[in-house]
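J.: Pasting protein38.txt here (compact mmCIF, N, CA and C atoms):
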```
# COMPACT_ATOMS: atom_id res chain seq x y z
N MET A 1 83.19 108.53 105.85
CA MET A 1 84.28 108.99 105.01
C MET A 1 85.37 109.67 105.85
N GLU A 2 84.97 110.37 106.91
CA GLU A 2 85.95 111.04 107.75
C GLU A 2 86.89 110.04 108.41
N LYS A 3 86.35 108.92 108.89
CA LYS A 3 87.17 107.89 109.51
C LYS A 3 88.16 107.30 108.51
N GLN A 4 87.69 107.13 107.28
CA GLN A 4 88.56 106.61 106.23
C GLN A 4 89.70 107.59 105.94
N GLN A 5 89.41 108.88 105.91
CA GLN A 5 90.45 109.88 105.68
C GLN A 5 91.44 109.92 106.83
N GLN A 6 90.96 109.72 108.06
CA GLN A 6 91.87 109.65 109.21
C GLN A 6 92.82 108.47 109.05
N LEU A 7 92.30 107.34 108.58
CA LEU A 7 93.12 106.16 108.36
C LEU A 7 94.19 106.46 107.30
N ILE A 8 93.79 107.05 106.20
CA ILE A 8 94.74 107.37 105.13
C ILE A 8 95.80 108.34 105.66
N ASP A 9 95.39 109.38 106.36
CA ASP A 9 96.34 110.36 106.89
C ASP A 9 97.31 109.72 107.88
N THR A 10 96.82 108.82 108.71
CA THR A 10 97.66 108.12 109.68
C THR A 10 98.67 107.23 108.96
N ILE A 11 98.23 106.52 107.94
CA ILE A 11 99.12 105.66 107.15
C ILE A 11 100.20 106.50 106.47
N VAL A 12 99.80 107.59 105.83
CA VAL A 12 100.77 108.44 105.12
C VAL A 12 101.79 109.01 106.10
N SER A 13 101.34 109.45 107.24
CA SER A 13 102.26 109.99 108.25
C SER A 13 103.28 108.94 108.70
N ALA A 14 102.82 107.71 108.90
CA ALA A 14 103.73 106.63 109.31
C ALA A 14 104.74 106.33 108.20
N ILE A 15 104.30 106.37 106.96
CA ILE A 15 105.22 106.14 105.83
C ILE A 15 106.27 107.25 105.79
N GLN A 16 105.82 108.50 105.96
CA GLN A 16 106.76 109.63 105.93
C GLN A 16 107.78 109.52 107.05
N ASP A 17 107.36 109.05 108.22
CA ASP A 17 108.29 108.90 109.34
C ASP A 17 109.40 107.90 109.05
N LYS A 18 109.11 106.91 108.22
CA LYS A 18 110.11 105.90 107.85
C LYS A 18 110.77 106.20 106.51
N LYS A 19 110.54 107.44 106.03
CA LYS A 19 111.17 107.93 104.80
C LYS A 19 110.77 107.14 103.55
N GLY A 20 109.51 106.69 103.51
CA GLY A 20 108.98 106.07 102.30
C GLY A 20 108.95 107.09 101.18
N LYS A 21 109.05 106.62 99.96
CA LYS A 21 109.16 107.52 98.80
C LYS A 21 107.93 107.43 97.90
N ASP A 22 107.72 108.52 97.15
CA ASP A 22 106.67 108.60 96.13
C ASP A 22 105.32 108.09 96.66
N ILE A 23 104.85 108.69 97.72
CA ILE A 23 103.60 108.27 98.37
C ILE A 23 102.42 108.83 97.59
N VAL A 24 101.50 107.95 97.23
CA VAL A 24 100.27 108.37 96.55
C VAL A 24 99.08 107.64 97.15
N SER A 25 97.92 108.28 97.01
CA SER A 25 96.66 107.67 97.38
C SER A 25 95.78 107.67 96.15
N LEU A 26 95.24 106.52 95.81
CA LEU A 26 94.34 106.38 94.66
C LEU A 26 92.92 106.19 95.18
N ASP A 27 92.00 107.01 94.70
CA ASP A 27 90.60 106.91 95.10
C ASP A 27 89.88 105.98 94.12
N LEU A 28 89.57 104.77 94.59
CA LEU A 28 88.93 103.77 93.75
C LEU A 28 87.43 103.68 94.00
N SER A 29 86.90 104.59 94.80
CA SER A 29 85.50 104.49 95.21
C SER A 29 84.53 104.61 94.04
N GLY A 30 84.94 105.19 92.94
CA GLY A 30 84.05 105.35 91.79
C GLY A 30 84.08 104.19 90.82
N PHE A 31 84.79 103.12 91.14
CA PHE A 31 84.94 102.00 90.22
C PHE A 31 84.15 100.79 90.71
N ASP A 32 83.26 100.31 89.88
CA ASP A 32 82.55 99.07 90.22
C ASP A 32 83.55 97.92 90.24
N GLY A 33 83.45 97.08 91.23
CA GLY A 33 84.31 95.90 91.31
C GLY A 33 85.66 96.13 91.96
N ALA A 34 85.96 97.37 92.36
CA ALA A 34 87.23 97.63 93.05
C ALA A 34 87.20 96.92 94.40
N ILE A 35 88.32 96.36 94.80
CA ILE A 35 88.37 95.58 96.04
C ILE A 35 88.34 96.43 97.30
N CYS A 36 88.57 97.74 97.16
CA CYS A 36 88.55 98.66 98.29
C CYS A 36 88.27 100.05 97.76
N SER A 37 88.18 101.01 98.64
CA SER A 37 87.90 102.37 98.18
C SER A 37 89.17 103.19 97.93
N HIS A 38 90.28 102.81 98.57
CA HIS A 38 91.54 103.54 98.37
C HIS A 38 92.73 102.59 98.40
N PHE A 39 93.71 102.91 97.56
CA PHE A 39 95.04 102.32 97.66
C PHE A 39 95.96 103.43 98.15
N VAL A 40 96.86 103.09 99.05
CA VAL A 40 97.98 103.97 99.38
C VAL A 40 99.22 103.21 98.93
N VAL A 41 100.05 103.86 98.11
CA VAL A 41 101.20 103.19 97.50
C VAL A 41 102.45 104.01 97.79
N CYS A 42 103.53 103.29 98.12
CA CYS A 42 104.83 103.95 98.29
C CYS A 42 105.92 102.95 97.95
N ASN A 43 107.16 103.42 97.96
CA ASN A 43 108.27 102.49 97.77
C ASN A 43 109.41 102.82 98.72
N ALA A 44 110.31 101.85 98.82
CA ALA A 44 111.45 101.93 99.73
C ALA A 44 112.69 101.42 99.01
N ASP A 45 113.85 101.79 99.55
CA ASP A 45 115.11 101.44 98.89
C ASP A 45 115.64 100.05 99.24
N SER A 46 115.08 99.42 100.27
CA SER A 46 115.59 98.11 100.68
C SER A 46 114.46 97.29 101.30
N THR A 47 114.70 96.00 101.40
CA THR A 47 113.71 95.15 102.06
C THR A 47 113.58 95.51 103.53
N THR A 48 114.68 95.91 104.15
CA THR A 48 114.64 96.33 105.55
C THR A 48 113.74 97.54 105.72
N GLN A 49 113.87 98.51 104.83
CA GLN A 49 113.03 99.70 104.92
C GLN A 49 111.56 99.37 104.61
N THR A 50 111.32 98.49 103.66
CA THR A 50 109.95 98.08 103.34
C THR A 50 109.28 97.50 104.58
N CYS A 51 109.95 96.63 105.26
CA CYS A 51 109.39 96.02 106.48
C CYS A 51 109.26 97.04 107.61
N ALA A 52 110.21 97.96 107.71
CA ALA A 52 110.13 99.00 108.74
C ALA A 52 108.93 99.90 108.51
N ILE A 53 108.65 100.23 107.27
CA ILE A 53 107.47 101.03 106.94
C ILE A 53 106.21 100.29 107.34
N ALA A 54 106.13 99.01 106.99
CA ALA A 54 104.95 98.21 107.34
C ALA A 54 104.77 98.14 108.85
N ASP A 55 105.85 97.92 109.57
CA ASP A 55 105.78 97.87 111.04
C ASP A 55 105.33 99.22 111.60
N GLY A 56 105.85 100.30 111.03
CA GLY A 56 105.49 101.64 111.48
C GLY A 56 104.02 101.95 111.25
N ILE A 57 103.50 101.54 110.10
CA ILE A 57 102.08 101.73 109.81
C ILE A 57 101.23 100.94 110.79
N GLU A 58 101.57 99.69 110.96
CA GLU A 58 100.80 98.81 111.85
C GLU A 58 100.73 99.40 113.27
N GLU A 59 101.88 99.84 113.77
CA GLU A 59 101.95 100.40 115.12
C GLU A 59 101.17 101.71 115.23
N ARG A 60 101.38 102.61 114.26
CA ARG A 60 100.74 103.93 114.32
C ARG A 60 99.22 103.82 114.21
N VAL A 61 98.73 102.99 113.30
CA VAL A 61 97.28 102.84 113.13
C VAL A 61 96.67 102.24 114.40
N ARG A 62 97.33 101.27 114.98
CA ARG A 62 96.82 100.65 116.20
C ARG A 62 96.79 101.65 117.36
N GLU A 63 97.88 102.41 117.52
CA GLU A 63 97.95 103.39 118.61
C GLU A 63 97.00 104.56 118.42
N THR A 64 96.91 105.06 117.20
CA THR A 64 96.13 106.27 116.93
C THR A 64 94.64 105.99 116.77
N LEU A 65 94.31 104.94 116.03
CA LEU A 65 92.91 104.69 115.68
C LEU A 65 92.34 103.42 116.31
N GLY A 66 93.20 102.62 116.94
CA GLY A 66 92.73 101.39 117.56
C GLY A 66 92.33 100.33 116.55
N GLU A 67 92.83 100.44 115.32
CA GLU A 67 92.49 99.48 114.27
C GLU A 67 93.68 98.56 113.99
N LYS A 68 93.33 97.39 113.54
CA LYS A 68 94.33 96.39 113.19
C LYS A 68 94.11 95.98 111.73
N ALA A 69 95.19 95.73 111.01
CA ALA A 69 95.07 95.27 109.63
C ALA A 69 94.34 93.93 109.60
N TRP A 70 93.44 93.78 108.64
CA TRP A 70 92.73 92.52 108.49
C TRP A 70 93.71 91.44 108.04
N ARG A 71 94.64 91.82 107.17
CA ARG A 71 95.62 90.86 106.67
C ARG A 71 96.87 91.62 106.19
N ILE A 72 98.03 91.03 106.40
CA ILE A 72 99.30 91.59 105.91
C ILE A 72 100.05 90.48 105.19
N GLU A 73 100.48 90.77 103.99
CA GLU A 73 101.23 89.79 103.20
C GLU A 73 102.55 90.38 102.73
N GLY A 74 103.57 89.56 102.63
CA GLY A 74 104.84 89.95 102.03
C GLY A 74 105.94 90.34 102.99
N GLN A 75 105.67 90.34 104.29
CA GLN A 75 106.71 90.74 105.23
C GLN A 75 107.87 89.74 105.28
N GLN A 76 107.63 88.53 104.86
CA GLN A 76 108.70 87.52 104.90
C GLN A 76 109.84 87.90 103.97
N THR A 77 109.51 88.45 102.80
CA THR A 77 110.56 88.81 101.84
C THR A 77 110.85 90.30 101.83
N GLY A 78 109.87 91.11 102.14
CA GLY A 78 110.06 92.56 102.15
C GLY A 78 110.17 93.18 100.77
N LEU A 79 109.81 92.44 99.74
CA LEU A 79 109.87 92.99 98.38
C LEU A 79 108.62 93.81 98.07
N TRP A 80 107.46 93.30 98.50
CA TRP A 80 106.19 93.98 98.29
C TRP A 80 105.29 93.58 99.46
N VAL A 81 105.00 94.53 100.32
CA VAL A 81 104.14 94.26 101.46
C VAL A 81 102.78 94.88 101.17
N ALA A 82 101.73 94.09 101.31
CA ALA A 82 100.35 94.56 101.15
C ALA A 82 99.66 94.47 102.51
N MET A 83 99.05 95.59 102.91
CA MET A 83 98.36 95.66 104.20
C MET A 83 96.90 95.99 103.93
N ASP A 84 96.01 95.11 104.35
CA ASP A 84 94.58 95.25 104.06
C ASP A 84 93.85 95.79 105.29
N TYR A 85 93.41 97.03 105.19
CA TYR A 85 92.58 97.64 106.22
C TYR A 85 91.12 97.72 105.75
N VAL A 86 90.69 96.78 104.95
CA VAL A 86 89.35 96.61 104.37
C VAL A 86 89.06 97.68 103.33
N ASP A 87 88.77 98.92 103.74
CA ASP A 87 88.47 99.98 102.77
C ASP A 87 89.73 100.61 102.19
N VAL A 88 90.85 100.44 102.87
CA VAL A 88 92.13 101.01 102.43
C VAL A 88 93.15 99.88 102.38
N VAL A 89 93.80 99.73 101.23
CA VAL A 89 94.86 98.73 101.08
C VAL A 89 96.17 99.47 100.81
N VAL A 90 97.19 99.15 101.58
CA VAL A 90 98.50 99.79 101.47
C VAL A 90 99.43 98.85 100.71
N HIS A 91 100.15 99.41 99.74
CA HIS A 91 101.15 98.65 98.98
C HIS A 91 102.50 99.32 99.19
N ILE A 92 103.44 98.57 99.77
CA ILE A 92 104.79 99.08 100.00
C ILE A 92 105.72 98.24 99.14
N PHE A 93 106.27 98.87 98.12
CA PHE A 93 107.13 98.16 97.17
C PHE A 93 108.59 98.48 97.41
N GLN A 94 109.45 97.52 97.11
CA GLN A 94 110.84 97.86 96.91
C GLN A 94 110.86 98.60 95.57
N SER A 95 111.69 99.61 95.44
CA SER A 95 111.63 100.54 94.30
C SER A 95 111.57 99.87 92.94
N ASP A 96 112.41 98.88 92.69
CA ASP A 96 112.43 98.22 91.38
C ASP A 96 111.11 97.54 91.06
N LEU A 97 110.50 96.93 92.06
CA LEU A 97 109.24 96.22 91.83
C LEU A 97 108.09 97.18 91.54
N ARG A 98 108.10 98.32 92.16
CA ARG A 98 107.03 99.28 91.89
C ARG A 98 107.05 99.67 90.42
N GLY A 99 108.23 99.91 89.90
CA GLY A 99 108.36 100.25 88.48
C GLY A 99 107.93 99.11 87.57
N PHE A 100 108.16 97.89 88.02
CA PHE A 100 107.79 96.72 87.22
C PHE A 100 106.28 96.50 87.18
N TYR A 101 105.62 96.57 88.34
CA TYR A 101 104.19 96.28 88.41
C TYR A 101 103.31 97.45 88.01
N LYS A 102 103.80 98.67 88.12
CA LYS A 102 103.09 99.87 87.67
C LYS A 102 101.63 99.88 88.12
N LEU A 103 101.43 99.67 89.41
CA LEU A 103 100.09 99.59 89.98
C LEU A 103 99.24 100.81 89.66
N GLU A 104 99.84 101.98 89.73
CA GLU A 104 99.08 103.21 89.44
C GLU A 104 98.56 103.24 88.02
N GLU A 105 99.29 102.64 87.07
CA GLU A 105 98.83 102.63 85.69
C GLU A 105 97.60 101.73 85.49
N LEU A 106 97.47 100.70 86.34
CA LEU A 106 96.30 99.85 86.25
C LEU A 106 95.02 100.60 86.61
N TRP A 107 95.17 101.61 87.44
CA TRP A 107 94.04 102.44 87.89
C TRP A 107 94.27 103.88 87.43
N ALA A 108 94.69 104.06 86.19
CA ALA A 108 95.08 105.38 85.67
C ALA A 108 93.94 106.39 85.70
N ASP A 109 92.69 105.94 85.67
CA ASP A 109 91.55 106.86 85.68
C ASP A 109 91.16 107.29 87.09
N ALA A 110 91.77 106.70 88.09
CA ALA A 110 91.42 107.02 89.48
C ALA A 110 92.01 108.37 89.88
N PRO A 111 91.23 109.16 90.63
CA PRO A 111 91.80 110.39 91.19
C PRO A 111 92.99 110.03 92.08
N ILE A 112 94.05 110.81 91.97
CA ILE A 112 95.28 110.50 92.70
C ILE A 112 95.70 111.71 93.54
N GLU A 113 96.17 111.42 94.73
CA GLU A 113 96.74 112.46 95.57
C GLU A 113 98.18 112.08 95.86
N ARG A 114 99.07 113.02 95.63
CA ARG A 114 100.49 112.80 95.88
C ARG A 114 100.88 113.50 97.16
N TYR A 115 101.73 112.86 97.93
CA TYR A 115 102.17 113.41 99.22
C TYR A 115 103.65 113.72 99.15
N GLU A 116 103.99 114.90 99.58
CA GLU A 116 105.38 115.31 99.64
C GLU A 116 106.01 114.77 100.90
N TYR A 117 107.29 114.55 100.85
CA TYR A 117 108.02 114.12 102.04
C TYR A 117 108.09 115.30 103.00
N GLU A 118 107.74 115.06 104.25
CA GLU A 118 107.78 116.11 105.26
C GLU A 118 108.96 115.86 106.19
N LEU A 119 109.72 116.93 106.44
CA LEU A 119 110.86 116.81 107.34
C LEU A 119 110.42 116.86 108.77
```
Take the structure in the file and give it back as structure tokens.
T.:
Amino acid sequence: MEKQQQLIDTIVSAIQDKKGKDIVSLDLSGFDGAICSHFVVCNADSTTQTCAIADGIEERVRETLGEKAWRIEGQQTGLWVAMDYVDVVVHIFQSDLRGFYKLEELWADAPIERYEYEL
């Protein structure tokens, strides 16, 4: 669990560095059939920022923890990038799409942690 928390903290820090907004972590570990134990979700104001956040996460996790994403989808369009780190899946939305898909509402019973933007 400690390694998983390090991964989440590293991801959140990378998102904050690229000025990602409304960062949350959803704990899905208590749900049977959940595809992973945690979602980290944030949004960005543009496709350029969405891709920059994804690149920043990929670089920071590799440098800090020596881990590589199992799969990354959506970088071609930058509208919604999903990064699969097996136990932790990161969702980076362009702001309008996050409101449309309401991912957090699908897992409304999951414990949630909100992260403030750090200067």
J.: Can you list, as a list in words, all residues belonging to segment 74-112 of chain A that DSSP tags as alpha helix (DSSP H)?
T.: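 Alpha helix (DSSP H) members of segment 74-112 of chain A, listed: Ser95, Asp96, Leu97, Arg98, Gly99, Phe100, Tyr101, Leu103, Glu104, Glu105 and Leu106 of chain A.
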J.: Please provide as a list in words all residues within 6.5 Å of Arg71 of chain A, with the sequence filter that same-chain residues fewer than 4 positions apart are discarded (counting only N, CA and C atoms).
T.: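 The filter keeps Ala82, Met83, Asp84 and Tyr85 of chain A.
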J.: Could you build a table of the residues in segment 35-86 of chain A lying no more than 8 Å from segment 3-9 of chain A, giving for each the nearest pair of atoms and their separation in Å rounded to one decimal place, using only N, CA and C atoms, ordered by chain and ascending residue number, as JSON lines?
T.:
```
{"residue": "A:Val40", "atom": "CA", "partner": "A:Ile8", "partner_atom": "CA", "distance": 7.4}
{"residue": "A:Val61", "atom": "CA", "partner": "A:Leu7", "partner_atom": "CA", "distance": 7.1}
{"residue": "A:Leu65", "atom": "CA", "partner": "A:Leu7", "partner_atom": "CA", "distance": 7.5}
```
J.: Please, what distance in Å, to one decimal, runs between atom C of Phe31 of chain A and atom C of Gly66 of chain A?
T.: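 Between atom C of Phe31 of chain A and atom C of Gly66 of chain A the gap is 27.1 Å.
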J.: Could you please determine the separation between atom CA of Phe93 of chain A and atom CA of Thr10 of chain A in Å, to one decimal place?
T.: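 So the answer is 18.6 Å.
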J.: Around the point (104.7, 94.8, 98.2) (coordinates from the file), which residues reach within 12 Å if we count only C-alpha atoms? Answer as a count of residues only.
T.: 40
J.: For Gln16 of chain A, which of A:Glu104, A:Ser29, A:Arg60, A:Val88 is the closest residue, counting only C-alpha atoms?
T.: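 Of all the options, A:Arg60 lies closest to Gln16 of chain A.
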J.: Using only C-alpha atoms, find the one residue out of A:Glu105, A:Glu116, A:Glu58, A:Glu2 that sits nearest to Lys19 of chain A.
T.: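 Selected residue with least distance to Lys19 of chain A: A:Glu116.
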J.: What residues in chain A get the DSSP label strand (DSSP E or B)? Please answer as an MDAnalysis selection string.
T.: chainID A and resid 21:27 38:44 71:73 80:84 88:94 112:115
J.: So how far away is atom CA of Asp22 of chain A from atom CA of Arg114 of chain A, in Å?
T.: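 Those two atoms sit 7.5 Å apart.
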J.: From the set A:Val86, A:Ala34, A:Ala52, A:Leu26, which residue has the shortest atom-to-atom contact distance to Lys68 of chain A, counting only C-alpha atoms?
T.: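 Under the stated criterion, the closest residue is A:Val86.
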J.: Nearest to Ala69 of chain A among A:Ile112, A:Leu28, A:Leu106, A:Ile11, with distances taken over only C-alpha atoms: which residue is it?
T.: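 Using only C-alpha atoms, the shortest distance to Ala69 of chain A belongs to A:Ile11.
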J.: Using all atoms listed in the file for the distances, tell me which of A:Trp107, A:Phe39, A:Glu67, A:Ile57 is nearest to Ser13 of chain A.
T.: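 So, comparing all the options, the nearest one is A:Ile57.
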J.: Using all atoms listed in the file, can you tell me which of A:His38, A:Thr48, A:Glu59, A:Val12 comes closest to Tyr115 of chain A?
T.: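 Once distances to Tyr115 of chain A are computed over all atoms listed in the file, the minimum belongs to A:Val12.
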J.: Once 8 Å is added on each side, what centre and edge lengths in Å to one decimal does the axis-aligned box around all listed atoms of segment 112-117 of chain A have, as lines of an AutoDock Vina configuration file?
T.:
```
center_x = 101.1
center_y = 112.9
center_z = 97.5
size_x = 30.0
size_y = 20.8
size_z = 27.0
```
